[in-house]
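A.B. asks: work.csv (CSV, C-alpha atoms) pasted underneath:
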```
chain,number,residue,atom,x,y,z
A,1,MET,CA,-7.4,60.9,-37.4
A,2,ALA,CA,-4.3,63.0,-37.0
A,3,HIS,CA,-1.0,63.3,-38.8
A,4,ILE,CA,1.7,62.8,-36.1
A,5,LEU,CA,5.4,63.3,-36.2
A,6,VAL,CA,7.2,60.9,-33.8
A,7,THR,CA,10.9,61.7,-33.3
A,8,GLY,CA,13.0,58.8,-32.0
A,9,ALA,CA,10.4,56.6,-33.6
A,10,CYS,CA,12.7,53.7,-34.2
A,11,GLY,CA,13.8,53.5,-30.6
A,12,TYR,CA,12.8,51.3,-27.7
A,13,LYS,CA,9.5,53.1,-27.0
A,14,GLY,CA,8.9,54.4,-30.5
A,15,SER,CA,8.9,50.9,-32.0
A,16,VAL,CA,6.0,49.9,-29.8
A,17,LEU,CA,4.2,53.3,-30.0
A,18,VAL,CA,4.1,53.8,-33.8
A,19,PRO,CA,2.2,50.5,-34.5
A,20,LYS,CA,-0.4,51.6,-31.9
A,21,LEU,CA,-0.8,55.0,-33.5
A,22,LEU,CA,-1.3,53.4,-36.9
A,23,LEU,CA,-3.8,50.9,-35.4
A,24,ALA,CA,-5.8,53.9,-34.0
A,25,GLY,CA,-6.1,55.3,-37.6
A,26,HIS,CA,-3.4,58.0,-37.4
A,27,LYS,CA,-0.9,58.8,-40.1
A,28,VAL,CA,2.7,58.8,-38.7
A,29,ARG,CA,5.9,60.5,-39.9
A,30,ALA,CA,8.6,58.6,-38.1
A,31,PHE,CA,11.9,60.5,-37.8
A,32,ASP,CA,15.0,58.8,-36.4
A,33,SER,CA,18.8,58.6,-36.7
A,34,MET,CA,18.5,54.8,-36.8
A,35,TRP,CA,21.7,54.3,-34.8
A,36,PHE,CA,20.1,51.1,-33.6
A,37,GLY,CA,18.4,50.2,-36.8
A,38,ASN,CA,14.8,50.4,-38.0
A,39,HIS,CA,12.4,47.7,-36.7
A,40,LEU,CA,9.1,49.3,-37.8
A,41,THR,CA,6.9,47.3,-40.1
A,42,PRO,CA,6.0,49.1,-43.4
A,43,HIS,CA,2.5,50.5,-43.5
A,44,THR,CA,0.5,52.6,-46.0
A,45,ASP,CA,0.1,55.4,-43.4
A,46,LEU,CA,3.7,55.3,-42.2
A,47,GLU,CA,6.5,57.5,-43.6
A,48,VAL,CA,9.9,56.7,-42.2
A,49,ILE,CA,12.7,59.3,-42.5
A,50,GLN,CA,16.3,58.8,-41.4
A,51,GLY,CA,17.7,62.0,-40.2
A,52,ASP,CA,19.5,64.0,-37.5
A,53,VAL,CA,17.1,65.9,-35.2
A,54,ARG,CA,19.9,68.4,-34.7
A,55,ASN,CA,19.5,69.5,-38.3
A,56,ILE,CA,16.1,71.0,-37.8
A,57,ASP,CA,15.6,71.6,-41.6
A,58,GLU,CA,15.6,67.8,-42.1
A,59,VAL,CA,12.5,67.5,-39.9
A,60,ASP,CA,9.5,68.0,-42.2
A,61,LEU,CA,6.5,69.5,-40.3
A,62,ASP,CA,4.3,70.0,-43.3
A,63,GLY,CA,0.8,68.7,-42.6
A,64,ILE,CA,1.7,67.6,-39.1
A,65,ASP,CA,-1.1,68.0,-36.4
A,66,ALA,CA,0.8,66.8,-33.3
A,67,ILE,CA,4.4,66.0,-32.3
A,68,ILE,CA,5.4,63.1,-29.9
A,69,HIS,CA,9.1,63.9,-29.1
A,70,LEU,CA,11.0,60.9,-28.0
A,71,SER,CA,14.4,61.7,-29.4
A,72,SER,CA,17.3,61.8,-26.9
A,73,VAL,CA,20.6,60.2,-26.0
A,74,ALA,CA,19.1,57.7,-23.7
A,75,ASN,CA,20.4,56.9,-20.2
A,76,ASP,CA,23.1,58.4,-17.9
A,77,PRO,CA,26.3,56.5,-19.2
A,78,CYS,CA,25.4,57.3,-22.9
A,79,GLY,CA,24.7,60.9,-22.0
A,80,ASP,CA,28.2,61.2,-20.4
A,81,LEU,CA,30.0,59.7,-23.4
A,82,ASN,CA,29.8,63.0,-25.3
A,83,PRO,CA,28.1,65.8,-23.3
A,84,LYS,CA,28.1,68.2,-26.2
A,85,LEU,CA,26.3,65.7,-28.4
A,86,THR,CA,23.9,65.0,-25.6
A,87,TRP,CA,23.0,68.6,-25.1
A,88,GLU,CA,22.6,69.2,-28.9
A,89,ILE,CA,20.3,66.2,-29.4
A,90,SER,CA,18.4,66.1,-26.1
A,91,CYS,CA,18.0,69.9,-25.5
A,92,LEU,CA,18.9,72.2,-28.3
A,93,ALA,CA,17.0,70.1,-30.8
A,94,THR,CA,13.9,70.3,-28.5
A,95,MET,CA,14.1,74.0,-28.5
A,96,GLN,CA,14.4,74.2,-32.2
A,97,LEU,CA,11.6,71.8,-32.8
A,98,ALA,CA,9.3,73.7,-30.4
A,99,ASP,CA,10.1,77.0,-32.1
A,100,ARG,CA,9.3,75.5,-35.5
A,101,ALA,CA,6.1,73.9,-34.3
A,102,LYS,CA,4.9,77.2,-33.0
A,103,ARG,CA,5.7,79.0,-36.3
A,104,GLN,CA,4.0,76.2,-38.2
A,105,GLY,CA,0.9,76.5,-36.1
A,106,ILE,CA,1.1,73.0,-34.6
A,107,ASP,CA,-0.8,73.1,-31.4
A,108,ARG,CA,0.0,69.7,-29.8
A,109,PHE,CA,3.4,68.7,-28.3
A,110,ILE,CA,3.9,65.6,-26.2
A,111,TYR,CA,7.4,65.3,-24.6
A,112,ALA,CA,9.1,62.2,-23.2
A,113,SER,CA,11.1,63.5,-20.2
A,114,SER,CA,12.4,61.3,-17.4
A,115,GLY,CA,11.6,60.5,-13.8
A,116,SER,CA,15.3,60.9,-13.1
A,117,VAL,CA,15.0,64.7,-13.3
A,118,TYR,CA,14.3,64.7,-9.6
A,119,GLY,CA,17.8,63.5,-8.7
A,120,VAL,CA,18.3,61.9,-5.4
A,121,LYS,CA,15.3,62.4,-3.1
A,122,ASP,CA,14.7,61.6,0.5
A,123,ASP,CA,11.0,62.5,0.2
A,124,PRO,CA,8.8,59.5,0.8
A,125,GLU,CA,6.7,60.4,-2.2
A,126,VAL,CA,8.1,62.1,-5.3
A,127,THR,CA,5.4,64.3,-6.8
A,128,GLU,CA,5.5,66.7,-9.8
A,129,ASP,CA,5.8,69.8,-7.7
A,130,LEU,CA,9.1,68.9,-6.0
A,131,GLU,CA,12.3,70.7,-6.9
A,132,LEU,CA,14.3,69.2,-9.8
A,133,LEU,CA,17.9,68.5,-9.0
A,134,PRO,CA,19.3,66.4,-11.9
A,135,ILE,CA,22.7,64.9,-11.4
A,136,SER,CA,23.7,63.7,-14.9
A,137,GLU,CA,23.9,65.3,-18.4
A,138,TYR,CA,21.0,63.2,-19.4
A,139,ASN,CA,18.8,64.4,-16.5
A,140,LYS,CA,19.9,68.0,-17.0
A,141,THR,CA,18.9,68.0,-20.7
A,142,LYS,CA,15.5,66.6,-19.8
A,143,MET,CA,14.9,69.3,-17.2
A,144,CYS,CA,16.0,72.1,-19.6
A,145,SER,CA,13.8,70.7,-22.4
A,146,GLU,CA,10.8,70.7,-20.0
A,147,ARG,CA,11.3,74.3,-19.1
A,148,ILE,CA,11.7,75.3,-22.8
A,149,LEU,CA,8.4,73.5,-23.7
A,150,LEU,CA,6.4,74.8,-20.8
A,151,SER,CA,7.3,78.3,-22.0
A,152,TYR,CA,5.2,77.5,-25.1
A,153,SER,CA,2.1,76.6,-23.1
A,154,ASP,CA,0.3,79.7,-24.3
A,155,ASP,CA,0.9,78.7,-27.9
A,156,MET,CA,0.2,75.0,-27.9
A,157,VAL,CA,-1.0,72.1,-25.7
A,158,VAL,CA,2.1,70.9,-23.9
A,159,GLN,CA,2.0,67.5,-22.2
A,160,ILE,CA,5.2,66.3,-20.5
A,161,VAL,CA,5.6,62.8,-19.2
A,162,ARG,CA,8.2,61.8,-16.6
A,163,PRO,CA,8.4,58.0,-17.1
A,164,ALA,CA,9.8,55.6,-14.6
A,165,THR,CA,12.3,53.0,-15.8
A,166,VAL,CA,10.5,51.2,-18.7
A,167,CYS,CA,10.5,47.4,-19.0
A,168,GLY,CA,9.2,44.8,-21.3
A,169,PHE,CA,9.7,43.7,-24.9
A,170,SER,CA,10.1,45.9,-28.0
A,171,PRO,CA,11.2,45.1,-31.5
A,172,ARG,CA,14.1,47.5,-30.8
A,173,MET,CA,14.9,45.9,-27.5
A,174,ARG,CA,16.9,47.3,-24.6
A,175,LEU,CA,18.7,45.0,-22.3
A,176,ASP,CA,20.4,47.7,-20.3
A,177,VAL,CA,17.4,48.7,-18.2
A,178,SER,CA,16.9,47.1,-14.8
A,179,VAL,CA,14.1,44.6,-15.2
A,180,ASN,CA,15.1,43.5,-18.8
A,181,MET,CA,18.8,43.3,-17.8
A,182,LEU,CA,18.2,41.2,-14.7
A,183,THR,CA,15.9,38.9,-16.6
A,184,MET,CA,18.4,38.3,-19.4
A,185,GLN,CA,21.1,37.7,-16.8
A,186,ALA,CA,19.0,35.0,-15.2
A,187,ILE,CA,18.2,33.3,-18.5
A,188,LYS,CA,21.8,33.3,-19.8
A,189,ASN,CA,23.8,32.8,-16.6
A,190,GLY,CA,21.5,31.2,-14.0
A,191,LYS,CA,22.7,34.0,-11.8
A,192,ILE,CA,21.6,37.6,-11.1
A,193,THR,CA,24.2,40.2,-9.9
A,194,VAL,CA,22.6,42.9,-7.9
A,195,PHE,CA,24.6,46.0,-7.1
A,196,GLY,CA,23.5,47.3,-3.7
A,197,GLY,CA,19.9,46.2,-4.0
A,198,ALA,CA,18.2,48.5,-1.5
A,199,GLN,CA,17.7,51.4,-4.0
A,200,THR,CA,14.1,51.8,-4.9
A,201,ARG,CA,13.2,52.5,-8.5
A,202,PRO,CA,9.8,53.1,-10.1
A,203,ASN,CA,8.9,51.0,-13.1
A,204,ILE,CA,6.4,51.1,-16.0
A,205,HIS,CA,5.7,48.5,-18.6
A,206,ILE,CA,6.4,49.5,-22.2
A,207,ASP,CA,2.8,48.9,-23.2
A,208,ASP,CA,1.6,51.3,-20.4
A,209,ILE,CA,3.9,54.1,-21.3
A,210,THR,CA,3.1,53.9,-25.0
A,211,ASP,CA,-0.6,53.6,-24.2
A,212,LEU,CA,-0.2,56.8,-22.1
A,213,TYR,CA,1.2,58.7,-25.1
A,214,CYS,CA,-1.9,57.6,-27.1
A,215,PHE,CA,-4.2,58.6,-24.2
A,216,LEU,CA,-2.7,62.1,-24.0
A,217,LEU,CA,-3.1,62.5,-27.7
A,218,ASP,CA,-6.8,61.8,-27.3
A,219,HIS,CA,-7.1,64.0,-24.2
A,220,PRO,CA,-5.6,67.5,-24.8
A,221,GLU,CA,-7.4,68.8,-21.7
A,222,HIS,CA,-4.7,67.1,-19.6
A,223,GLN,CA,-1.9,69.5,-19.9
A,224,GLY,CA,1.3,70.0,-17.9
A,225,VAL,CA,3.7,67.5,-16.3
A,226,TYR,CA,2.8,63.9,-15.2
A,227,ASN,CA,4.8,61.3,-13.4
A,228,ALA,CA,4.3,57.8,-14.9
A,229,GLY,CA,5.5,55.0,-12.7
A,230,PHE,CA,3.3,52.4,-11.0
A,231,GLU,CA,5.5,49.9,-9.3
A,232,ASN,CA,8.2,51.2,-6.9
A,233,LEU,CA,10.4,48.3,-6.3
A,234,SER,CA,13.9,47.9,-4.9
A,235,ILE,CA,16.5,46.3,-7.2
A,236,LEU,CA,16.6,43.3,-4.9
A,237,GLU,CA,12.8,42.9,-5.1
A,238,ILE,CA,13.0,42.9,-8.9
A,239,ALA,CA,15.8,40.3,-8.8
A,240,GLU,CA,13.6,38.2,-6.5
A,241,LYS,CA,10.7,38.4,-8.9
A,242,VAL,CA,13.0,37.3,-11.8
A,243,ALA,CA,14.5,34.5,-9.7
A,244,SER,CA,11.0,33.2,-8.9
A,245,TYR,CA,10.4,32.6,-12.6
A,246,THR,CA,13.8,31.3,-13.5
A,247,ASP,CA,15.3,29.6,-10.4
A,248,ALA,CA,18.4,31.8,-10.9
A,249,VAL,CA,20.7,32.5,-7.9
A,250,ILE,CA,21.0,36.1,-6.6
A,251,GLU,CA,24.4,37.5,-5.8
A,252,VAL,CA,24.5,40.9,-4.0
A,253,THR,CA,27.6,43.2,-4.3
A,254,PRO,CA,28.3,46.7,-3.0
A,255,SER,CA,27.2,49.7,-5.0
A,256,ASP,CA,28.0,53.4,-5.0
A,257,ASP,CA,24.8,54.3,-7.0
A,258,PRO,CA,22.9,56.7,-4.8
A,259,ARG,CA,19.7,57.0,-6.9
A,260,SER,CA,16.7,55.8,-4.9
A,261,TYR,CA,13.2,57.3,-5.1
A,262,HIS,CA,9.6,56.5,-4.8
A,263,VAL,CA,7.6,58.1,-7.5
A,264,ASN,CA,3.9,59.2,-7.0
A,265,SER,CA,1.6,59.0,-10.1
A,266,ASP,CA,-1.7,60.0,-8.4
A,267,LYS,CA,-1.9,63.1,-10.7
A,268,LEU,CA,-1.8,60.9,-13.8
A,269,LEU,CA,-4.3,58.3,-12.3
A,270,ALA,CA,-6.7,61.2,-11.6
A,271,THR,CA,-7.0,61.8,-15.4
A,272,GLY,CA,-8.6,58.3,-15.8
A,273,PHE,CA,-5.6,56.6,-17.2
A,274,LYS,CA,-5.0,53.2,-15.8
A,275,PRO,CA,-2.0,50.8,-16.3
A,276,SER,CA,-2.8,47.3,-17.6
A,277,LYS,CA,0.6,45.5,-17.2
A,278,SER,CA,3.2,44.9,-14.5
A,279,VAL,CA,6.8,44.1,-13.9
A,280,ASP,CA,5.8,40.4,-13.6
A,281,ASP,CA,4.3,40.6,-17.1
A,282,ALA,CA,7.5,42.1,-18.5
A,283,ILE,CA,9.6,39.3,-16.9
A,284,LYS,CA,7.4,36.6,-18.2
A,285,GLU,CA,7.3,38.1,-21.7
A,286,ILE,CA,11.1,38.3,-21.9
A,287,ILE,CA,11.5,34.7,-20.7
A,288,GLY,CA,8.9,33.4,-23.1
A,289,LEU,CA,10.4,35.2,-26.1
A,290,SER,CA,13.9,34.2,-25.2
A,291,ARG,CA,12.9,30.5,-25.0
A,292,GLN,CA,11.2,30.8,-28.4
A,293,GLY,CA,14.4,32.2,-29.9
A,294,VAL,CA,12.7,35.5,-30.7
A,295,LEU,CA,14.9,37.5,-28.3
A,296,GLU,CA,18.6,37.2,-28.1
A,297,ASP,CA,21.2,39.1,-26.1
A,298,ARG,CA,22.9,41.3,-28.7
A,299,ASP,CA,25.2,44.3,-28.4
A,300,GLN,CA,22.6,46.3,-30.4
A,301,TRP,CA,20.3,46.0,-27.4
A,302,HIS,CA,22.8,47.7,-25.0
A,303,ASN,CA,22.9,51.4,-25.7
A,304,LEU,CA,26.3,52.2,-24.2
A,305,ARG,CA,28.0,49.2,-25.8
A,306,TRP,CA,26.5,49.9,-29.2
A,307,MET,CA,27.2,53.7,-29.2
A,308,GLN,CA,30.8,53.0,-28.3
A,309,GLN,CA,31.2,50.5,-31.1
A,310,GLN,CA,29.1,52.2,-33.8
A,311,VAL,CA,28.4,55.8,-33.1
A,312,MET,CA,31.5,57.1,-31.3
A,313,ALA,CA,34.0,54.8,-33.1
```
Turn this file's structure into structure tokens for me.
C.D. replies:
Amino acid sequence: MAHILVTGACGYKGSVLVPKLLLAGHKVRAFDSMWFGNHLTPHTDLEVIQGDVRNIDEVDLDGIDAIIHLSSVANDPCGDLNPKLTWEISCLATMQLADRAKRQGIDRFIYASSGSVYGVKDDPEVTEDLELLPISEYNKTKMCSERILLSYSDDMVVQIVRPATVCGFSPRMRLDVSVNMLTMQAIKNGKITVFGGAQTRPNIHIDDITDLYCFLLDHPEHQGVYNAGFENLSILEIAEKVASYTDAVIEVTPSDDPRSYHVNSDKLLATGFKPSKSVDDAIKEIIGLSRQGVLEDRDQWHNLRWMQQQVMA
């Protein structure tokens, strides 16, 4: 059993990860700004703290054995809303947290980076050793945070994950990521609007990415950087999958979005980690929960829309 600090614990991934850590017998200190609310179920081994990760003194590291750092201003359009805020939360706070962790003697640090740090790649397979050419504020802060953390590799076990686009249900849902968004469009409108469609994007189910953080926590021997994306699908292929479960009509329109890449996760698979879910699972889960009335399309589940209304207003 370990005592784990999870930053961004009330977010899309954190709301799925924290219950898994508790189930595994760990104690969790959950730290989050709660811009999107708190959807964690109370637990005797769970301490929830509302705070700003930029104010490093608010982050209590006493008794902590390991850090899983999820906090960031998530996705490109949100990162561009206020670049200064994005750099402070997604990069400067990472540097401060790593520095404090070293001083405190914490020797485990797992970081949620992003597969988008590679930028636009023509390579048939995007592997961890390729040059990083981030094109947005969000991507750039992730790259800088990676470099900062890797500089602490002599002081602590640093494990960096570059996830693909995550899909599937979370108590703190997101309906602004491709699979989830297209599925909700089909449910609500009977129509799926695809911009471009040929762009290839890697995907990972939310259960697999959160299982991966748990796996790395149990396996400190696997250090360094790992891609985590198991299904490379074009946007049109995702739409066709959604349509097969919903009978929705697909409408393709032009797009100026150049991002298209095929991520290779062989390095991660070589550790023994194996994914257990798929894009199809995510689509079916969202459809089922929507039909049961458990999942609704709310502004709160769209990061950009909610930040414009509640955070930047």
A.B. asks: Select, counting only C-alpha atoms, all protein, DNA and RNA residues no farther than 12 Å from (18.9, 68.6, -25.2) in file coordinates, and express the selection as a ChimeraX atom specification.
C.D. replies: /A:53-54,69-74,79,83-97,111-113,137-149
A.B. asks: Which residue gives the smallest distance to Gly25 in chain A among A:Asn82, A:Thr44, A:Thr7, A:Asn75, with all atoms listed in the file counted?
C.D. replies: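 Closest residue, counting all atoms listed in the file: A:Thr44.
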A.B. asks: If we count all atoms listed in the file and set the cut-off at 12 Å, which residues sit around range 238-242 of chain A, ignoring sequence neighbours fewer than 5 positions away in its own chain? Please answer as JSON, numbers by chain.
C.D. replies: {"A": [167, 177, 178, 179, 180, 181, 182, 183, 184, 185, 186, 187, 190, 191, 192, 193, 194, 195, 196, 197, 198, 199, 200, 201, 202, 203, 231, 232, 233, 247, 248, 249, 250, 251, 252, 278, 279, 280, 281, 282, 283, 284, 285, 286, 287]}
A.B. asks: Now that the selection is made, can you save its residues with C-alpha atoms as a PDB file, keeping the file's coordinate frame?
C.D. replies:
```
ATOM      1  CA  CYS A 167      10.500  47.400 -19.000  1.00  0.00           C
ATOM      2  CA  VAL A 177      17.400  48.700 -18.200  1.00  0.00           C
ATOM      3  CA  SER A 178      16.900  47.100 -14.800  1.00  0.00           C
ATOM      4  CA  VAL A 179      14.100  44.600 -15.200  1.00  0.00           C
ATOM      5  CA  ASN A 180      15.100  43.500 -18.800  1.00  0.00           C
ATOM      6  CA  MET A 181      18.800  43.300 -17.800  1.00  0.00           C
ATOM      7  CA  LEU A 182      18.200  41.200 -14.700  1.00  0.00           C
ATOM      8  CA  THR A 183      15.900  38.900 -16.600  1.00  0.00           C
ATOM      9  CA  MET A 184      18.400  38.300 -19.400  1.00  0.00           C
ATOM     10  CA  GLN A 185      21.100  37.700 -16.800  1.00  0.00           C
ATOM     11  CA  ALA A 186      19.000  35.000 -15.200  1.00  0.00           C
ATOM     12  CA  ILE A 187      18.200  33.300 -18.500  1.00  0.00           C
ATOM     13  CA  GLY A 190      21.500  31.200 -14.000  1.00  0.00           C
ATOM     14  CA  LYS A 191      22.700  34.000 -11.800  1.00  0.00           C
ATOM     15  CA  ILE A 192      21.600  37.600 -11.100  1.00  0.00           C
ATOM     16  CA  THR A 193      24.200  40.200  -9.900  1.00  0.00           C
ATOM     17  CA  VAL A 194      22.600  42.900  -7.900  1.00  0.00           C
ATOM     18  CA  PHE A 195      24.600  46.000  -7.100  1.00  0.00           C
ATOM     19  CA  GLY A 196      23.500  47.300  -3.700  1.00  0.00           C
ATOM     20  CA  GLY A 197      19.900  46.200  -4.000  1.00  0.00           C
ATOM     21  CA  ALA A 198      18.200  48.500  -1.500  1.00  0.00           C
ATOM     22  CA  GLN A 199      17.700  51.400  -4.000  1.00  0.00           C
ATOM     23  CA  THR A 200      14.100  51.800  -4.900  1.00  0.00           C
ATOM     24  CA  ARG A 201      13.200  52.500  -8.500  1.00  0.00           C
ATOM     25  CA  PRO A 202       9.800  53.100 -10.100  1.00  0.00           C
ATOM     26  CA  ASN A 203       8.900  51.000 -13.100  1.00  0.00           C
ATOM     27  CA  GLU A 231       5.500  49.900  -9.300  1.00  0.00           C
ATOM     28  CA  ASN A 232       8.200  51.200  -6.900  1.00  0.00           C
ATOM     29  CA  LEU A 233      10.400  48.300  -6.300  1.00  0.00           C
ATOM     30  CA  ASP A 247      15.300  29.600 -10.400  1.00  0.00           C
ATOM     31  CA  ALA A 248      18.400  31.800 -10.900  1.00  0.00           C
ATOM     32  CA  VAL A 249      20.700  32.500  -7.900  1.00  0.00           C
ATOM     33  CA  ILE A 250      21.000  36.100  -6.600  1.00  0.00           C
ATOM     34  CA  GLU A 251      24.400  37.500  -5.800  1.00  0.00           C
ATOM     35  CA  VAL A 252      24.500  40.900  -4.000  1.00  0.00           C
ATOM     36  CA  SER A 278       3.200  44.900 -14.500  1.00  0.00           C
ATOM     37  CA  VAL A 279       6.800  44.100 -13.900  1.00  0.00           C
ATOM     38  CA  ASP A 280       5.800  40.400 -13.600  1.00  0.00           C
ATOM     39  CA  ASP A 281       4.300  40.600 -17.100  1.00  0.00           C
ATOM     40  CA  ALA A 282       7.500  42.100 -18.500  1.00  0.00           C
ATOM     41  CA  ILE A 283       9.600  39.300 -16.900  1.00  0.00           C
ATOM     42  CA  LYS A 284       7.400  36.600 -18.200  1.00  0.00           C
ATOM     43  CA  GLU A 285       7.300  38.100 -21.700  1.00  0.00           C
ATOM     44  CA  ILE A 286      11.100  38.300 -21.900  1.00  0.00           C
ATOM     45  CA  ILE A 287      11.500  34.700 -20.700  1.00  0.00           C
TER      46      ILE A 287
END
```
A.B. asks: Quick one, how far is CA of Asp32 in chain A from CA of Gly8 in chain A?
C.D. replies: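 Going from CA of Asp32 in chain A over to CA of Gly8 in chain A covers 4.8 Å.
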A.B. asks: Out of A:Val6, A:Leu130, A:Leu46, A:Val311, which residue has the shortest atom-to-atom distance to Thr210 in chain A when counting only C-alpha atoms?
C.D. replies: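 Of A:Val6, A:Leu130, A:Leu46, A:Val311, the one nearest Thr210 in chain A is A:Val6, counting only C-alpha atoms.
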A.B. asks: Could you check the closest approach to Ser234 in chain A for each of A:Cys214, A:Lys188, A:Tyr261, A:Pro220 and tell me which residue wins, using only C-alpha atoms?
C.D. replies: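 Looking only at the distances to Ser234 in chain A, the closest residue turns out to be A:Tyr261.
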A.B. asks: Rank A:Leu236, A:Leu295, A:Leu132, A:Met173 by their smallest atom-to-atom distance to Thr253 in chain A, using all atoms listed in the file, and report the top residue only.
C.D. replies: A:Leu236
A.B. asks: Work out how far apart CA of Ile206 in chain A and CA of Phe169 in chain A are and give it in Å to one decimal.
C.D. replies: 7.2 Å
A.B. asks: Please write as a PyMOL selection string the list of polymer residues whose atoms come within 12 Å of (-4.2, 66.0, -27.1), counting all atoms listed in the file and keeping to the coordinates of the file.
C.D. replies: chain A and resi 1-2+4+65-68+106-111+156-160+212-224
A.B. asks: As a ChimeraX atom specification, please: the residues near Ile204 in chain A (cut-off 7 Å, all atoms listed in the file, same-chain neighbours under 6 positions excluded).
C.D. replies: /A:164-167,229-231
A.B. asks: Kindly assemble as a tab-separated table a list of the range 47-131 of chain A residues that lie within 9 Å of range 27-30 of chain A, each paired with its nearest atom pair and their distance in Å to one decimal, using only C-alpha atoms, sorted first by chain and then by ascending residue number.
C.D. replies:
```
residue	atom	partner	partner_atom	distance
A:Glu47	CA	A:Arg29	CA	4.8
A:Val48	CA	A:Ala30	CA	4.7
A:Ile49	CA	A:Ala30	CA	6.1
A:Gln50	CA	A:Ala30	CA	8.4
A:Asp60	CA	A:Arg29	CA	8.6
A:Ile64	CA	A:Arg29	CA	8.3
```
A.B. asks: Which one of A:Ser33, A:Ser290, A:Thr41, A:Ser116 sits closest to Val59 in chain A if you count all atoms listed in the file?
C.D. replies: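 Of the candidates, the smallest distance to Val59 in chain A is held by A:Ser33.
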A.B. asks: How many Å separate CA of His262 in chain A from CA of Ser136 in chain A?
C.D. replies: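 Taking CA of His262 in chain A as the start and CA of Ser136 in chain A as the end point, the length is 18.8 Å.
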A.B. asks: Taking 2 positions as the minimum chain separation for residues in the same chain, which residues sit within 9 Å of His39 in chain A when counting all atoms listed in the file? Answer as an MDAnalysis selection string.
C.D. replies: chainID A and resid 10:11 15 36:37 41 171:172
A.B. asks: Have a look at A:Glu58, A:Ala98, A:Val294, A:Ser260 and name the one nearest to Val120 in chain A; count all atoms listed in the file.
C.D. replies: A:Ser260
